[in-house]
$ cat protein_35.txt   # compact mmCIF, C-alpha atoms
# COMPACT_ATOMS: atom_id res chain seq x y z
CA MET A 75 40.76 36.43 13.31
CA LYS A 76 42.61 36.83 10.04
CA TRP A 77 42.15 33.16 9.04
CA LEU A 78 38.38 33.30 9.58
CA GLU A 79 38.02 36.61 7.71
CA ASP A 80 39.93 35.02 4.85
CA GLU A 81 37.62 31.99 4.81
CA ILE A 82 34.51 34.17 4.91
CA ILE A 83 35.80 36.33 2.06
CA LYS A 84 37.00 33.36 0.03
CA ARG A 85 34.14 30.94 0.60
CA GLY A 86 31.21 33.17 1.59
CA LYS A 87 28.75 34.72 -0.81
CA ILE A 88 26.70 37.85 -0.17
CA LEU A 89 23.11 37.60 -1.34
CA ASP A 90 20.50 40.35 -1.54
CA GLY A 91 18.77 41.12 1.74
CA ASN A 92 21.99 41.18 3.76
CA ILE A 93 22.31 37.41 3.64
CA LEU A 94 25.81 35.99 3.96
CA LYS A 95 25.88 32.47 2.60
CA VAL A 96 28.52 30.25 4.14
CA ASN A 97 27.01 26.92 3.11
CA SER A 98 30.39 25.59 2.03
CA PHE A 99 31.78 25.29 5.55
CA LEU A 100 29.35 26.37 8.28
CA ASN A 101 25.69 25.57 7.77
CA HIS A 102 25.18 23.01 5.00
CA GLN A 103 28.53 21.41 4.28
CA LEU A 104 30.61 21.34 7.47
CA ASP A 105 34.37 21.83 7.41
CA ILE A 106 35.17 20.08 10.67
CA GLU A 107 38.77 21.28 10.95
CA LEU A 108 37.59 24.86 10.61
CA LEU A 109 34.76 24.35 13.08
CA ASN A 110 37.27 22.89 15.54
CA LYS A 111 39.41 26.02 15.21
CA MET A 112 36.31 28.11 16.00
CA THR A 113 35.33 26.10 19.04
CA LEU A 114 38.90 26.34 20.38
CA LEU A 115 38.54 30.13 20.46
CA TRP A 116 35.27 29.85 22.39
CA PHE A 117 36.82 27.29 24.69
CA ASP A 118 39.74 29.57 25.58
CA HIS A 119 37.41 32.52 26.12
CA PHE A 120 34.82 30.78 28.27
CA LYS A 121 36.76 28.03 30.03
CA ARG A 122 37.25 29.87 33.32
CA LYS A 123 33.46 30.13 33.58
CA HIS A 124 33.14 26.34 33.79
CA PRO A 125 29.96 25.75 31.80
CA THR A 126 28.07 22.54 32.53
CA LYS A 127 26.11 22.47 29.30
CA ILE A 128 26.31 23.82 25.74
CA LEU A 129 22.92 25.00 24.44
CA THR A 130 22.02 25.73 20.82
CA ILE A 131 19.07 25.56 18.47
CA GLU A 132 18.51 23.20 15.57
CA ALA A 133 19.82 22.85 12.96
CA SER A 134 22.91 24.92 12.11
CA GLY A 135 24.13 25.29 15.69
CA ILE A 136 24.33 21.55 16.36
CA ALA A 137 27.72 20.81 14.77
CA LEU A 138 29.33 23.71 16.65
CA ALA A 139 27.68 22.76 19.93
CA THR A 140 28.83 19.15 19.49
CA LEU A 141 32.47 20.04 18.91
CA LEU A 142 32.52 22.59 21.72
CA ALA A 143 30.88 20.16 24.14
CA GLN A 144 33.56 17.65 23.17
CA ARG A 145 36.26 20.15 24.22
CA PHE A 146 34.59 20.85 27.55
CA ASN A 147 33.62 17.21 28.08
CA ILE A 148 30.07 18.22 28.93
CA PRO A 149 26.72 17.51 27.23
CA ALA A 150 25.33 19.56 24.36
CA LEU A 151 21.62 20.29 24.15
CA PHE A 152 19.70 21.61 21.18
CA ALA A 153 16.34 23.35 21.37
CA LYS A 154 13.86 21.72 19.02
CA LYS A 155 11.81 23.72 16.59
CA GLY A 156 8.09 23.39 17.18
CA SER A 157 6.58 21.40 20.03
CA PRO A 158 7.32 17.79 19.10
CA SER A 159 4.65 15.43 20.37
CA ASN A 160 7.16 13.06 21.96
CA LEU A 161 8.74 15.71 24.21
CA GLY A 162 8.03 15.46 27.90
CA GLU A 163 7.29 18.54 30.01
CA ALA A 164 9.15 21.30 28.22
CA TYR A 165 10.09 24.94 28.24
CA HIS A 166 8.68 26.73 25.21
CA THR A 167 9.30 30.16 23.81
CA ASP A 168 8.47 31.90 20.55
CA ILE A 169 11.12 33.48 18.38
CA TYR A 170 10.58 35.63 15.35
CA SER A 171 12.11 34.37 12.13
CA TYR A 172 12.88 37.18 9.68
CA THR A 173 13.54 34.77 6.84
CA ARG A 174 10.18 33.05 7.34
CA ASN A 175 8.41 36.21 8.51
CA GLU A 176 6.64 34.36 11.31
CA TYR A 177 6.92 33.37 14.94
CA GLN A 178 8.24 29.91 15.64
CA THR A 179 8.09 27.96 18.88
CA ILE A 180 11.26 26.35 20.22
CA SER A 181 11.26 23.78 23.00
CA VAL A 182 13.63 22.21 25.53
CA GLU A 183 12.63 19.38 27.82
CA LYS A 184 12.64 20.49 31.44
CA THR A 185 14.68 17.46 32.51
CA TYR A 186 17.79 18.77 30.78
CA LEU A 187 18.11 22.25 32.27
CA ASN A 188 17.93 23.16 35.91
CA GLU A 189 19.19 25.65 38.50
CA ASN A 190 22.51 23.81 38.85
CA ASP A 191 23.41 24.36 35.21
CA SER A 192 25.82 26.97 33.89
CA VAL A 193 24.90 27.29 30.25
CA LEU A 194 27.02 28.43 27.34
CA ILE A 195 24.85 29.36 24.35
CA VAL A 196 26.32 28.96 20.86
CA ASP A 197 25.09 29.51 17.33
CA ASP A 198 26.45 30.09 13.84
CA PHE A 199 24.98 33.57 13.30
CA LEU A 200 23.90 36.46 15.51
CA ALA A 201 21.86 39.11 13.72
CA THR A 202 18.84 40.60 15.49
CA GLY A 203 19.44 38.28 18.41
CA GLU A 204 16.02 36.62 18.24
CA ALA A 205 17.35 33.07 18.49
CA ALA A 206 19.71 33.97 21.35
CA ARG A 207 16.87 35.75 23.19
CA GLY A 208 14.75 32.63 22.83
CA LEU A 209 17.47 30.45 24.34
CA ILE A 210 18.01 33.02 27.11
CA ASN A 211 14.27 32.93 27.90
CA ILE A 212 14.41 29.18 28.21
CA CYS A 213 17.44 29.38 30.53
CA LYS A 214 15.66 31.98 32.66
CA ASN A 215 12.61 29.75 32.93
CA ALA A 216 14.90 26.93 34.00
CA ASN A 217 16.63 29.17 36.57
CA CYS A 218 20.04 28.30 35.22
CA GLU A 219 23.02 30.59 34.90
CA ILE A 220 24.06 31.83 31.44
CA VAL A 221 27.84 32.04 31.31
CA GLY A 222 28.00 33.54 27.83
CA ILE A 223 27.04 33.48 24.19
CA GLY A 224 29.41 32.34 21.46
CA THR A 225 28.65 33.00 17.81
CA VAL A 226 30.73 32.64 14.68
CA ILE A 227 29.48 35.58 12.61
CA GLU A 228 27.70 38.56 14.09
CA LYS A 229 25.96 40.97 11.77
CA GLY A 230 26.96 44.11 13.65
CA PHE A 231 24.67 46.29 11.59
CA GLN A 232 21.63 44.48 12.97
CA HIS A 233 22.68 45.30 16.55
CA GLY A 234 21.37 42.16 18.26
CA GLY A 235 24.82 41.53 19.75
CA ASP A 236 25.18 45.12 20.98
CA LYS A 237 21.87 44.89 22.84
CA LEU A 238 22.85 41.59 24.44
CA ARG A 239 26.14 43.14 25.61
CA GLU A 240 24.23 46.14 27.00
CA ASP A 241 22.14 43.64 28.93
CA GLY A 242 25.32 42.31 30.50
CA PHE A 243 25.86 39.12 28.53
CA ASP A 244 29.37 38.02 27.63
CA VAL A 245 28.91 37.76 23.86
CA TYR A 246 31.94 36.49 21.99
CA SER A 247 31.49 36.59 18.24
CA LEU A 248 34.47 35.35 16.27
CA GLU A 249 33.78 37.89 13.53
CA ILE A 250 31.58 40.98 13.52
CA ILE A 251 30.53 42.31 10.14
CA GLU A 252 29.87 46.05 10.05
CA SER A 253 28.65 46.14 6.49
CA MET A 254 28.59 44.07 3.34
CA ASP A 255 27.65 44.76 -0.22
CA SER A 256 26.10 42.17 -2.50
CA SER A 257 26.98 44.13 -5.65
CA THR A 258 30.72 44.41 -4.94
CA GLY A 259 31.10 41.38 -2.64
CA LYS A 260 32.95 43.62 -0.18
CA ILE A 261 32.75 42.84 3.55
CA ASN A 262 33.84 45.27 6.27
CA PHE A 263 34.73 43.62 9.56
CA ARG A 264 34.57 45.49 12.89
CA MET B 101 27.02 -3.91 21.62
CA LYS B 102 26.37 -4.63 25.26
CA TRP B 103 27.23 -1.10 26.39
CA LEU B 104 24.81 0.47 23.92
CA GLU B 105 22.01 -1.95 24.77
CA ASP B 106 22.56 -1.05 28.42
CA GLU B 107 22.35 2.69 27.66
CA ILE B 108 19.20 2.24 25.59
CA ILE B 109 17.56 0.17 28.32
CA LYS B 110 18.70 2.50 31.11
CA ARG B 111 18.13 5.86 29.45
CA GLY B 112 15.56 5.16 26.74
CA LYS B 113 11.83 5.31 27.18
CA ILE B 114 9.25 3.46 25.10
CA LEU B 115 6.22 5.53 24.18
CA ASP B 116 3.00 4.40 22.54
CA GLY B 117 3.18 4.05 18.78
CA ASN B 118 6.49 2.18 18.81
CA ILE B 119 8.43 5.34 19.65
CA LEU B 120 11.72 4.89 21.45
CA LYS B 121 12.68 8.12 23.13
CA VAL B 122 16.41 8.59 23.59
CA ASN B 123 16.37 12.35 24.15
CA SER B 124 18.79 12.07 27.05
CA PHE B 125 21.79 11.16 24.90
CA LEU B 126 21.03 10.95 21.18
CA ASN B 127 18.57 13.45 19.77
CA HIS B 128 17.94 16.33 22.16
CA GLN B 129 20.65 16.25 24.79
CA LEU B 130 23.85 14.86 23.28
CA ASP B 131 26.24 12.67 25.26
CA ILE B 132 29.36 13.34 23.22
CA GLU B 133 31.46 10.57 24.74
CA LEU B 134 28.78 8.05 23.87
CA LEU B 135 28.36 9.47 20.38
CA ASN B 136 32.11 9.18 19.88
CA LYS B 137 31.96 5.51 20.84
CA MET B 138 29.23 5.04 18.23
CA THR B 139 31.14 6.79 15.46
CA LEU B 140 34.22 4.70 16.22
CA LEU B 141 32.25 1.55 15.40
CA TRP B 142 31.10 3.06 12.10
CA PHE B 143 34.64 4.22 11.37
CA ASP B 144 36.07 0.73 11.87
CA HIS B 145 33.36 -0.83 9.75
CA PHE B 146 33.51 1.60 6.82
CA LYS B 147 37.10 2.80 6.80
CA ARG B 148 38.35 0.48 4.07
CA LYS B 149 35.71 2.00 1.77
CA HIS B 150 37.37 5.42 1.98
CA PRO B 151 34.35 7.72 2.02
CA THR B 152 34.93 11.30 0.89
CA LYS B 153 31.85 12.77 2.54
CA ILE B 154 29.44 12.03 5.39
CA LEU B 155 25.82 12.77 4.49
CA THR B 156 22.93 13.10 6.93
CA ILE B 157 19.65 14.99 7.32
CA GLU B 158 18.84 17.75 9.77
CA ALA B 159 18.52 17.81 12.69
CA SER B 160 19.25 14.68 14.75
CA GLY B 161 21.85 13.26 12.38
CA ILE B 162 24.10 16.32 12.48
CA ALA B 163 25.98 15.60 15.72
CA LEU B 164 26.74 12.04 14.59
CA ALA B 165 27.81 13.17 11.12
CA THR B 166 30.07 15.82 12.63
CA LEU B 167 31.89 13.42 14.94
CA LEU B 168 32.24 10.77 12.24
CA ALA B 169 33.52 13.30 9.71
CA GLN B 170 36.07 14.36 12.33
CA ARG B 171 37.36 10.77 12.53
CA PHE B 172 37.63 10.45 8.75
CA ASN B 173 38.95 14.00 8.35
CA ILE B 174 36.43 14.65 5.58
CA PRO B 175 33.50 17.10 5.32
CA ALA B 176 30.03 16.40 6.65
CA LEU B 177 26.97 17.54 4.75
CA PHE B 178 23.41 17.73 5.98
CA ALA B 179 20.34 17.77 3.77
CA LYS B 180 18.11 20.70 4.63
CA LYS B 181 14.42 20.28 5.26
CA GLY B 182 12.28 22.22 2.84
CA SER B 183 13.69 24.23 -0.06
CA PRO B 184 15.40 27.18 1.66
CA SER B 185 15.31 30.30 -0.50
CA ASN B 186 19.04 30.94 -0.11
CA LEU B 187 20.10 27.56 -1.53
CA GLY B 188 21.69 27.57 -4.95
CA GLU B 189 20.87 24.92 -7.54
CA ALA B 190 19.93 21.91 -5.47
CA TYR B 191 18.88 18.28 -5.53
CA HIS B 192 15.43 17.86 -4.02
CA THR B 193 13.51 14.79 -3.03
CA ASP B 194 10.36 14.16 -1.02
CA ILE B 195 10.32 11.85 1.96
CA TYR B 196 7.29 10.68 3.87
CA SER B 197 7.23 11.52 7.56
CA TYR B 198 5.15 9.08 9.57
CA THR B 199 5.20 11.28 12.67
CA ARG B 200 3.92 14.30 10.69
CA ASN B 201 1.82 12.19 8.30
CA GLU B 202 2.96 14.22 5.30
CA TYR B 203 5.58 14.43 2.59
CA GLN B 204 8.49 16.72 3.23
CA THR B 205 11.05 17.99 0.75
CA ILE B 206 14.75 17.72 1.55
CA SER B 207 17.45 19.55 -0.37
CA VAL B 208 21.19 19.41 -0.96
CA GLU B 209 23.06 22.02 -3.00
CA LYS B 210 24.49 20.50 -6.16
CA THR B 211 27.90 22.03 -5.50
CA TYR B 212 28.55 19.68 -2.60
CA LEU B 213 27.94 16.27 -4.19
CA ASN B 214 29.33 15.02 -7.46
CA GLU B 215 30.43 11.88 -9.29
CA ASN B 216 33.82 11.87 -7.55
CA ASP B 217 32.24 11.51 -4.10
CA SER B 218 31.99 8.31 -2.11
CA VAL B 219 29.25 9.01 0.39
CA LEU B 220 28.64 7.43 3.77
CA ILE B 221 25.08 8.10 4.96
CA VAL B 222 24.42 8.26 8.70
CA ASP B 223 21.43 8.90 10.91
CA ASP B 224 20.23 8.28 14.44
CA PHE B 225 17.28 5.99 13.58
CA LEU B 226 16.34 3.67 10.77
CA ALA B 227 12.70 2.58 10.76
CA THR B 228 10.83 2.45 7.43
CA GLY B 229 13.92 3.76 5.69
CA GLU B 230 12.20 6.83 4.24
CA ALA B 231 14.95 9.26 5.27
CA ALA B 232 17.70 6.95 4.03
CA ARG B 233 15.86 6.47 0.71
CA GLY B 234 15.65 10.22 0.33
CA LEU B 235 19.39 10.62 0.85
CA ILE B 236 20.05 7.72 -1.54
CA ASN B 237 17.89 9.44 -4.19
CA ILE B 238 19.92 12.60 -3.81
CA CYS B 239 23.19 10.65 -4.14
CA LYS B 240 21.87 8.90 -7.25
CA ASN B 241 20.91 12.23 -8.79
CA ALA B 242 24.42 13.45 -8.04
CA ASN B 243 25.95 10.31 -9.58
CA CYS B 244 28.03 9.67 -6.51
CA GLU B 245 28.87 6.32 -4.97
CA ILE B 246 27.17 5.26 -1.74
CA VAL B 247 29.65 3.32 0.37
CA GLY B 248 27.19 2.47 3.13
CA ILE B 249 24.59 3.50 5.66
CA GLY B 250 25.31 3.78 9.37
CA THR B 251 22.52 4.10 11.89
CA VAL B 252 22.48 3.91 15.66
CA ILE B 253 19.13 2.25 16.27
CA GLU B 254 17.27 0.25 13.66
CA LYS B 255 13.66 -0.68 14.30
CA GLY B 256 13.91 -4.15 12.79
CA PHE B 257 10.16 -4.67 12.97
CA GLN B 258 9.62 -1.86 10.45
CA HIS B 259 11.91 -3.60 7.92
CA GLY B 260 13.37 -0.50 6.27
CA GLY B 261 16.88 -1.82 6.97
CA ASP B 262 16.12 -5.29 5.61
CA LYS B 263 14.89 -3.80 2.33
CA LEU B 264 17.97 -1.63 2.00
CA ARG B 265 20.19 -4.69 2.56
CA GLU B 266 18.17 -6.62 -0.06
CA ASP B 267 18.91 -3.73 -2.42
CA GLY B 268 22.61 -4.31 -1.83
CA PHE B 269 23.45 -1.50 0.57
CA ASP B 270 25.94 -2.06 3.36
CA VAL B 271 23.72 -1.07 6.29
CA TYR B 272 25.44 -1.10 9.66
CA SER B 273 23.06 -0.43 12.53
CA LEU B 274 24.68 -0.45 15.94
CA GLU B 275 21.55 -1.94 17.48
CA ILE B 276 18.55 -3.59 15.85
CA ILE B 277 15.37 -3.76 17.90
CA GLU B 278 13.09 -6.68 17.07
CA SER B 279 10.28 -5.65 19.37
CA MET B 280 9.54 -3.37 22.26
CA ASP B 281 6.63 -3.01 24.61
CA SER B 282 5.56 0.33 26.07
CA SER B 283 3.56 -1.34 28.87
CA THR B 284 6.42 -3.44 30.23
CA GLY B 285 9.35 -1.32 28.97
CA LYS B 286 10.91 -4.51 27.58
CA ILE B 287 13.14 -4.29 24.49
CA ASN B 288 14.24 -7.30 22.44
CA PHE B 289 17.40 -6.79 20.44
CA ARG B 290 18.18 -8.82 17.32
$ encode --input "protein_35.txt" --output "structure tokens"
Amino acid sequence: MKWLEDEIIKRGKILDGNILKVNSFLNHQLDIELLNKMTLLWFDHFKRKHPTKILTIEASGIALATLLAQRFNIPALFAKKGSPSNLGEAYHTDIYSYTRNEYQTISVEKTYLNENDSVLIVDDFLATGEAARGLINICKNANCEIVGIGTVIEKGFQHGGDKLREDGFDVYSLEIIESMDSSTGKINFR
Amino acid sequence: MKWLEDEIIKRGKILDGNILKVNSFLNHQLDIELLNKMTLLWFDHFKRKHPTKILTIEASGIALATLLAQRFNIPALFAKKGSPSNLGEAYHTDIYSYTRNEYQTISVEKTYLNENDSVLIVDDFLATGEAARGLINICKNANCEIVGIGTVIEKGFQHGGDKLREDGFDVYSLEIIESMDSSTGKINFR
């Protein structure tokens, strides 16, 4: 998507450690018009799979999940970090956070996912695929179908998306970055 | 709002410790149609104040901020919990979390708030007002105007909203709960 590449180049910032900072429109300040253009692409790609629920993980996935759920006219659901004391019976799984260098539990109440659900997973970034794997685990525990995985920016050089595709998942990333260089600011898209 | 009282009574659950659990539509699973009805009420109330930005705090406020920002056609911005290492120069403030029994830092990058902004603060709940006070502090540090505070459910018996109104803020809570009883499940609205 030319327009999205342009936005990433114009408004993104490459930090050391292969971090692409897109705080100006995707995961701190939210440019709703832009997010709506993103969710339209997911909608067109996944609509014939008739998802019943959009699943994401707090916090950066929530705005995207909300706008996509609005298009499909279905509920969104976000996995909570930790094991909040006021959750009922819940599915839990641990995901590894490379930025925090530790495992973190995520939780979804059992009431909100079951074998009749067809789940579309969305998130802002896909790198090693840890977060997506965590959400997949939860869906598997709930015996629900996973119709696909939508992400905005996939870090192709971390290969999480490739492995998910090898495992048969329909992964639709709006942009896949093959390499980026914090010294020159240059981004190569796949 | 009769329809919202009905939803809270039908779908909410009162837990010990004055906790009202509305995970089925507001802060775990998200009923987008219902959330859109909520944001329309805020929009009508605050539109003549012409906000330039919607400000909330991760995670439960994000869906509401997103849908309200969509109505106003302005950006949303969510304060991040902690002091993420990839934030640039940021405003920080500490808020007390009664559920965690500890202070927690929240952060907003300085780039995204300045003296030209008219900020509308929104969140799902208003109880002691700690989260709102934190966001107000950040706005004050950024020298921006606060046009009002929109919340879905105010726990009137914890008086955070009353104090904010005494301080001159335009606080518009869609529902104010005067009391609730976990043994009977009875909720009294103001």
$ calpha_fit_and_write --input "protein_35.txt" --fixed "chain B" --moving "chain A" --output "tab-separated table (two decimals) with C-alpha atoms, keeping the file's coordinate frame"
chain	number	residue	atom	x	y	z
A	75	MET	CA	27.01	-3.91	21.61
A	76	LYS	CA	26.37	-4.64	25.26
A	77	TRP	CA	27.24	-1.08	26.39
A	78	LEU	CA	24.81	0.49	23.90
A	79	GLU	CA	22.00	-1.95	24.77
A	80	ASP	CA	22.56	-1.04	28.41
A	81	GLU	CA	22.34	2.69	27.65
A	82	ILE	CA	19.19	2.24	25.58
A	83	ILE	CA	17.55	0.17	28.32
A	84	LYS	CA	18.70	2.50	31.09
A	85	ARG	CA	18.14	5.86	29.45
A	86	GLY	CA	15.57	5.15	26.73
A	87	LYS	CA	11.83	5.31	27.17
A	88	ILE	CA	9.26	3.46	25.08
A	89	LEU	CA	6.23	5.54	24.17
A	90	ASP	CA	3.00	4.40	22.53
A	91	GLY	CA	3.18	4.06	18.76
A	92	ASN	CA	6.49	2.19	18.80
A	93	ILE	CA	8.42	5.34	19.63
A	94	LEU	CA	11.72	4.89	21.45
A	95	LYS	CA	12.69	8.12	23.14
A	96	VAL	CA	16.42	8.58	23.60
A	97	ASN	CA	16.37	12.34	24.14
A	98	SER	CA	18.79	12.07	27.04
A	99	PHE	CA	21.79	11.16	24.90
A	100	LEU	CA	21.04	10.95	21.17
A	101	ASN	CA	18.57	13.45	19.76
A	102	HIS	CA	17.93	16.32	22.16
A	103	GLN	CA	20.65	16.25	24.79
A	104	LEU	CA	23.85	14.86	23.26
A	105	ASP	CA	26.23	12.67	25.26
A	106	ILE	CA	29.36	13.34	23.23
A	107	GLU	CA	31.47	10.56	24.75
A	108	LEU	CA	28.78	8.05	23.87
A	109	LEU	CA	28.35	9.46	20.38
A	110	ASN	CA	32.12	9.19	19.89
A	111	LYS	CA	31.97	5.51	20.85
A	112	MET	CA	29.24	5.03	18.22
A	113	THR	CA	31.12	6.79	15.47
A	114	LEU	CA	34.23	4.70	16.23
A	115	LEU	CA	32.24	1.56	15.41
A	116	TRP	CA	31.11	3.06	12.09
A	117	PHE	CA	34.63	4.22	11.39
A	118	ASP	CA	36.09	0.73	11.88
A	119	HIS	CA	33.36	-0.82	9.74
A	120	PHE	CA	33.51	1.59	6.83
A	121	LYS	CA	37.10	2.81	6.81
A	122	ARG	CA	38.34	0.49	4.06
A	123	LYS	CA	35.70	2.01	1.78
A	124	HIS	CA	37.37	5.43	1.99
A	125	PRO	CA	34.35	7.73	2.03
A	126	THR	CA	34.92	11.30	0.89
A	127	LYS	CA	31.85	12.76	2.54
A	128	ILE	CA	29.45	12.02	5.40
A	129	LEU	CA	25.82	12.78	4.49
A	130	THR	CA	22.91	13.10	6.92
A	131	ILE	CA	19.66	14.98	7.31
A	132	GLU	CA	18.82	17.73	9.78
A	133	ALA	CA	18.51	17.80	12.70
A	134	SER	CA	19.25	14.68	14.75
A	135	GLY	CA	21.85	13.25	12.38
A	136	ILE	CA	24.11	16.31	12.48
A	137	ALA	CA	25.98	15.60	15.73
A	138	LEU	CA	26.76	12.04	14.60
A	139	ALA	CA	27.80	13.16	11.13
A	140	THR	CA	30.07	15.82	12.64
A	141	LEU	CA	31.89	13.42	14.94
A	142	LEU	CA	32.24	10.77	12.25
A	143	ALA	CA	33.52	13.29	9.72
A	144	GLN	CA	36.06	14.36	12.34
A	145	ARG	CA	37.35	10.76	12.54
A	146	PHE	CA	37.63	10.45	8.77
A	147	ASN	CA	38.94	13.99	8.35
A	148	ILE	CA	36.43	14.66	5.59
A	149	PRO	CA	33.50	17.10	5.32
A	150	ALA	CA	30.03	16.39	6.66
A	151	LEU	CA	26.97	17.53	4.74
A	152	PHE	CA	23.41	17.72	5.98
A	153	ALA	CA	20.34	17.76	3.77
A	154	LYS	CA	18.10	20.69	4.64
A	155	LYS	CA	14.42	20.28	5.26
A	156	GLY	CA	12.29	22.22	2.83
A	157	SER	CA	13.69	24.24	-0.05
A	158	PRO	CA	15.41	27.18	1.65
A	159	SER	CA	15.32	30.30	-0.49
A	160	ASN	CA	19.05	30.94	-0.11
A	161	LEU	CA	20.12	27.56	-1.53
A	162	GLY	CA	21.71	27.57	-4.94
A	163	GLU	CA	20.87	24.92	-7.55
A	164	ALA	CA	19.92	21.91	-5.47
A	165	TYR	CA	18.88	18.30	-5.53
A	166	HIS	CA	15.43	17.85	-4.03
A	167	THR	CA	13.50	14.78	-3.04
A	168	ASP	CA	10.36	14.14	-1.03
A	169	ILE	CA	10.31	11.84	1.96
A	170	TYR	CA	7.30	10.67	3.87
A	171	SER	CA	7.24	11.53	7.56
A	172	TYR	CA	5.15	9.08	9.59
A	173	THR	CA	5.22	11.29	12.66
A	174	ARG	CA	3.94	14.29	10.70
A	175	ASN	CA	1.84	12.20	8.31
A	176	GLU	CA	2.97	14.23	5.31
A	177	TYR	CA	5.57	14.42	2.59
A	178	GLN	CA	8.50	16.71	3.23
A	179	THR	CA	11.05	18.00	0.74
A	180	ILE	CA	14.75	17.71	1.56
A	181	SER	CA	17.44	19.53	-0.37
A	182	VAL	CA	21.20	19.41	-0.97
A	183	GLU	CA	23.05	22.01	-2.99
A	184	LYS	CA	24.48	20.50	-6.16
A	185	THR	CA	27.91	22.02	-5.51
A	186	TYR	CA	28.55	19.68	-2.60
A	187	LEU	CA	27.93	16.28	-4.18
A	188	ASN	CA	29.33	15.03	-7.44
A	189	GLU	CA	30.43	11.89	-9.29
A	190	ASN	CA	33.81	11.88	-7.53
A	191	ASP	CA	32.23	11.51	-4.10
A	192	SER	CA	31.99	8.31	-2.10
A	193	VAL	CA	29.25	9.00	0.38
A	194	LEU	CA	28.64	7.44	3.77
A	195	ILE	CA	25.08	8.09	4.96
A	196	VAL	CA	24.43	8.26	8.71
A	197	ASP	CA	21.42	8.89	10.90
A	198	ASP	CA	20.23	8.26	14.45
A	199	PHE	CA	17.28	6.00	13.59
A	200	LEU	CA	16.34	3.67	10.75
A	201	ALA	CA	12.71	2.58	10.75
A	202	THR	CA	10.84	2.45	7.44
A	203	GLY	CA	13.91	3.75	5.68
A	204	GLU	CA	12.20	6.83	4.24
A	205	ALA	CA	14.94	9.25	5.27
A	206	ALA	CA	17.70	6.94	4.02
A	207	ARG	CA	15.86	6.45	0.70
A	208	GLY	CA	15.64	10.22	0.33
A	209	LEU	CA	19.38	10.61	0.85
A	210	ILE	CA	20.04	7.71	-1.54
A	211	ASN	CA	17.88	9.43	-4.19
A	212	ILE	CA	19.91	12.58	-3.81
A	213	CYS	CA	23.18	10.64	-4.15
A	214	LYS	CA	21.85	8.90	-7.26
A	215	ASN	CA	20.90	12.24	-8.79
A	216	ALA	CA	24.41	13.46	-8.03
A	217	ASN	CA	25.94	10.31	-9.58
A	218	CYS	CA	28.02	9.67	-6.50
A	219	GLU	CA	28.87	6.32	-4.98
A	220	ILE	CA	27.16	5.27	-1.73
A	221	VAL	CA	29.64	3.33	0.37
A	222	GLY	CA	27.19	2.46	3.13
A	223	ILE	CA	24.59	3.50	5.65
A	224	GLY	CA	25.33	3.78	9.36
A	225	THR	CA	22.53	4.10	11.89
A	226	VAL	CA	22.49	3.90	15.66
A	227	ILE	CA	19.12	2.24	16.28
A	228	GLU	CA	17.26	0.26	13.65
A	229	LYS	CA	13.67	-0.67	14.30
A	230	GLY	CA	13.90	-4.15	12.80
A	231	PHE	CA	10.16	-4.67	12.97
A	232	GLN	CA	9.62	-1.87	10.46
A	233	HIS	CA	11.89	-3.61	7.92
A	234	GLY	CA	13.36	-0.51	6.26
A	235	GLY	CA	16.88	-1.80	6.97
A	236	ASP	CA	16.10	-5.28	5.61
A	237	LYS	CA	14.88	-3.80	2.32
A	238	LEU	CA	17.98	-1.62	2.00
A	239	ARG	CA	20.18	-4.69	2.56
A	240	GLU	CA	18.18	-6.61	-0.06
A	241	ASP	CA	18.92	-3.74	-2.41
A	242	GLY	CA	22.62	-4.31	-1.82
A	243	PHE	CA	23.44	-1.49	0.58
A	244	ASP	CA	25.94	-2.05	3.37
A	245	VAL	CA	23.72	-1.05	6.30
A	246	TYR	CA	25.44	-1.10	9.66
A	247	SER	CA	23.07	-0.42	12.52
A	248	LEU	CA	24.69	-0.45	15.94
A	249	GLU	CA	21.54	-1.93	17.47
A	250	ILE	CA	18.54	-3.58	15.85
A	251	ILE	CA	15.37	-3.75	17.90
A	252	GLU	CA	13.10	-6.68	17.07
A	253	SER	CA	10.30	-5.66	19.36
A	254	MET	CA	9.54	-3.36	22.25
A	255	ASP	CA	6.65	-2.99	24.61
A	256	SER	CA	5.56	0.33	26.06
A	257	SER	CA	3.57	-1.33	28.86
A	258	THR	CA	6.44	-3.43	30.23
A	259	GLY	CA	9.36	-1.32	28.97
A	260	LYS	CA	10.93	-4.50	27.58
A	261	ILE	CA	13.15	-4.28	24.49
A	262	ASN	CA	14.23	-7.31	22.45
A	263	PHE	CA	17.39	-6.77	20.44
A	264	ARG	CA	18.18	-8.82	17.31
$ closest_residue --input "protein_35.txt" --among "A:Asn215, A:Thr202, A:Ser157, A:Thr167" --to "Asn188 (chain A)" --atoms "all atoms listed in the file"
A:Asn215
$ residues_around --input "protein_35.txt" --residues "Met75 (chain A)" --least-positions-apart "5" --cutoff "12 Å" --atoms "all atoms listed in the file" --output "list in words"
Asp80, Glu81, Ile82, Lys111, Met112, Leu115, Val226, Ile227, Ser247, Leu248, Glu249, Ile250, Phe263 and Arg264 of chain A
$ write_last_selection --input "protein_35.txt" --atoms "C-alpha atoms" --output "short mmCIF file (atom, residue, chain, number, x, y, z; two decimals), keeping the file's coordinate frame"
data_model
loop_
_atom_site.label_atom_id
_atom_site.label_comp_id
_atom_site.auth_asym_id
_atom_site.auth_seq_id
_atom_site.Cartn_x
_atom_site.Cartn_y
_atom_site.Cartn_z
CA ASP A 80 39.93 35.02 4.85
CA GLU A 81 37.62 31.99 4.81
CA ILE A 82 34.51 34.17 4.91
CA LYS A 111 39.41 26.02 15.21
CA MET A 112 36.31 28.11 16.00
CA LEU A 115 38.54 30.13 20.46
CA VAL A 226 30.73 32.64 14.68
CA ILE A 227 29.48 35.58 12.61
CA SER A 247 31.49 36.59 18.24
CA LEU A 248 34.47 35.35 16.27
CA GLU A 249 33.78 37.89 13.53
CA ILE A 250 31.58 40.98 13.52
CA PHE A 263 34.73 43.62 9.56
CA ARG A 264 34.57 45.49 12.89
#
